[in-house]
$ cat run_4.cif   # mmCIF, C-alpha atoms, pLDDT in the B column; chains and numbers go by the auth columns
data_entry
loop_
_atom_site.group_PDB
_atom_site.id
_atom_site.type_symbol
_atom_site.label_atom_id
_atom_site.label_comp_id
_atom_site.label_asym_id
_atom_site.label_seq_id
_atom_site.Cartn_x
_atom_site.Cartn_y
_atom_site.Cartn_z
_atom_site.B_iso_or_equiv
_atom_site.auth_seq_id
_atom_site.auth_asym_id
ATOM 1 C CA MET A 1 41.370 10.618 25.495 44.00 1 D
ATOM 2 C CA ALA A 2 41.290 13.507 27.917 40.00 2 D
ATOM 3 C CA GLU A 3 44.609 14.962 26.804 51.00 3 D
ATOM 4 C CA THR A 4 45.044 16.209 23.281 57.00 4 D
ATOM 5 C CA LEU A 5 48.122 15.227 21.376 62.00 5 D
ATOM 6 C CA LYS A 6 50.715 17.848 20.574 67.00 6 D
ATOM 7 C CA LYS A 7 50.023 19.026 17.046 67.00 7 D
ATOM 8 C CA GLY A 8 52.448 17.543 14.561 69.00 8 D
ATOM 9 C CA SER A 9 53.988 15.109 17.049 73.00 9 D
ATOM 10 C CA ARG A 10 54.624 11.574 15.843 80.00 10 D
ATOM 11 C CA VAL A 11 52.553 8.831 17.347 81.00 11 D
ATOM 12 C CA THR A 12 54.378 5.498 17.241 78.00 12 D
ATOM 13 C CA GLY A 13 54.487 2.094 18.878 86.00 13 D
ATOM 14 C CA VAL A 14 52.213 1.341 21.800 90.00 14 D
ATOM 15 C CA ALA A 15 50.870 4.909 21.896 89.00 15 D
ATOM 16 C CA ARG A 16 49.749 4.602 18.257 91.00 16 D
ATOM 17 C CA ASP A 17 48.062 1.247 18.914 92.00 17 D
ATOM 18 C CA LYS A 18 46.275 2.664 21.961 93.00 18 D
ATOM 19 C CA LEU A 19 45.155 5.752 20.030 93.00 19 D
ATOM 20 C CA ALA A 20 43.934 3.622 17.109 93.00 20 D
ATOM 21 C CA ALA A 21 41.925 1.370 19.446 94.00 21 D
ATOM 22 C CA ASP A 22 40.414 4.392 21.225 95.00 22 D
ATOM 23 C CA LEU A 23 39.474 6.094 17.941 95.00 23 D
ATOM 24 C CA LYS A 24 37.980 2.828 16.620 95.00 24 D
ATOM 25 C CA ARG A 25 35.866 2.379 19.754 95.00 25 D
ATOM 26 C CA LYS A 26 34.556 5.955 19.639 95.00 26 D
ATOM 27 C CA TYR A 27 33.901 5.839 15.875 94.00 27 D
ATOM 28 C CA ASP A 28 32.029 2.528 16.211 93.00 28 D
ATOM 29 C CA SER A 29 29.899 4.062 18.971 93.00 29 D
ATOM 30 C CA GLY A 30 28.812 6.881 16.658 92.00 30 D
ATOM 31 C CA SER A 31 31.376 9.703 16.815 93.00 31 D
ATOM 32 C CA SER A 32 32.225 11.362 13.526 94.00 32 D
ATOM 33 C CA ILE A 33 35.738 11.624 12.118 94.00 33 D
ATOM 34 C CA ARG A 34 35.534 15.402 12.411 94.00 34 D
ATOM 35 C CA ALA A 35 34.521 15.191 16.074 95.00 35 D
ATOM 36 C CA LEU A 36 37.372 12.773 16.790 95.00 36 D
ATOM 37 C CA ALA A 37 39.838 15.023 14.971 95.00 37 D
ATOM 38 C CA GLU A 38 38.759 18.019 17.036 95.00 38 D
ATOM 39 C CA GLU A 39 38.867 16.020 20.272 94.00 39 D
ATOM 40 C CA THR A 40 42.397 14.723 19.641 92.00 40 D
ATOM 41 C CA GLY A 41 43.783 17.905 18.091 92.00 41 D
ATOM 42 C CA ARG A 42 44.770 16.003 14.944 93.00 42 D
ATOM 43 C CA SER A 43 43.684 16.486 11.343 93.00 43 D
ATOM 44 C CA TYR A 44 40.718 14.829 9.672 95.00 44 D
ATOM 45 C CA GLY A 45 43.150 12.970 7.385 95.00 45 D
ATOM 46 C CA PHE A 46 45.165 11.623 10.316 94.00 46 D
ATOM 47 C CA VAL A 47 42.061 10.261 12.061 95.00 47 D
ATOM 48 C CA HIS A 48 40.734 8.838 8.780 96.00 48 D
ATOM 49 C CA ARG A 49 44.065 7.069 8.158 95.00 49 D
ATOM 50 C CA MET A 50 44.203 5.692 11.708 95.00 50 D
ATOM 51 C CA LEU A 51 40.679 4.292 11.378 95.00 51 D
ATOM 52 C CA SER A 52 41.468 2.766 7.992 94.00 52 D
ATOM 53 C CA GLU A 53 44.634 1.161 9.376 91.00 53 D
ATOM 54 C CA SER A 54 42.547 -0.258 12.235 91.00 54 D
ATOM 55 C CA GLY A 55 40.276 -2.049 9.781 91.00 55 D
ATOM 56 C CA VAL A 56 37.192 0.038 10.510 92.00 56 D
ATOM 57 C CA THR A 57 34.434 0.018 7.891 91.00 57 D
ATOM 58 C CA LEU A 58 33.865 3.721 7.356 91.00 58 D
ATOM 59 C CA ARG A 59 30.310 5.024 7.230 89.00 59 D
ATOM 60 C CA GLY A 60 28.849 6.879 4.267 88.00 60 D
ATOM 61 C CA ARG A 61 28.618 10.641 4.298 81.00 61 D
ATOM 62 C CA GLY A 62 24.940 10.767 5.218 73.00 62 D
ATOM 63 C CA GLY A 63 22.639 13.587 4.245 60.00 63 D
ATOM 64 C CA ALA A 64 20.213 13.464 1.337 58.00 64 D
ATOM 65 C CA THR A 65 20.550 10.492 -0.969 57.00 65 D
ATOM 66 C CA ARG A 66 19.302 10.094 -4.493 65.00 66 D
ATOM 67 C CA GLY A 67 17.987 6.557 -4.216 64.00 67 D
ATOM 68 C CA LYS A 68 14.644 5.378 -5.533 67.00 68 D
ATOM 69 C CA LYS A 69 11.635 6.945 -3.842 65.00 69 D
ATOM 70 C CA ALA A 70 9.582 4.621 -1.670 63.00 70 D
ATOM 71 C CA ALA A 71 6.279 3.584 -3.236 65.00 71 D
ATOM 72 C CA SER A 72 3.317 5.475 -1.804 64.00 72 D
ATOM 73 C CA ALA A 73 0.807 3.224 -0.098 58.00 73 D
#
$ encode --input "run_4.cif" --output "structure tokens"
Amino acid sequence: MAETLKKGSRVTGVARDKLAADLKRKYDSGSSIRALAEETGRSYGFVHRMLSESGVTLRGRGGATRGKKAASA
């Protein structure tokens, strides 16, 4: 995805399918939604929607969690 998409331009048909597949591949290999949004020149919401439409299981937000503490050994 060397070229960025023109901001606000519609992405339809084959171009949309190709973009969705590319975003899915990069997200599955570890890229964040924010990084993908910046790379493509699209919004976070657009990338999130494209990934959801592609059937991607989205990762959690990360950071500190409030789960049970591991037992000290």
$ atom_distance --input "run_4.cif" --atom1 "atom CA of D:Gly13" --atom2 "atom CA of D:Tyr44"
20.9 Å
$ closest_residue --input "run_4.cif" --among "D:Gly62, D:Ala15, D:Ile33, D:Lys26" --to "D:Val47" --atoms "all atoms listed in the file"
D:Ile33
$ closest_residue --input "run_4.cif" --among "D:Arg42, D:Ser32, D:Arg16, D:Ser9" --to "D:Gly60" --atoms "only C-alpha atoms"
D:Ser32
$ closest_residue --input "run_4.cif" --among "D:Asp17, D:Arg61, D:Glu53, D:Thr12" --to "D:Arg34" --atoms "only C-alpha atoms"
D:Arg61
$ closest_residue --input "run_4.cif" --among "D:Thr57, D:Arg10, D:Gly41, D:Leu51" --to "D:Asp22" --atoms "only C-alpha atoms"
D:Leu51
$ closest_residue --input "run_4.cif" --among "D:Arg59, D:Val11, D:Ala21, D:Tyr27" --to "D:Phe46" --atoms "all atoms listed in the file"
D:Val11
$ atom_distance --input "run_4.cif" --atom1 "atom CA of D:Gly45" --atom2 "atom CA of D:Val14"
20.6 Å
$ closest_residue --input "run_4.cif" --among "D:Ser43, D:Glu38, D:His48, D:Val56" --to "D:Arg25" --atoms "only C-alpha atoms"
D:Val56
$ atom_distance --input "run_4.cif" --atom1 "atom CA of D:Thr40" --atom2 "atom CA of D:Leu58"
18.6 Å
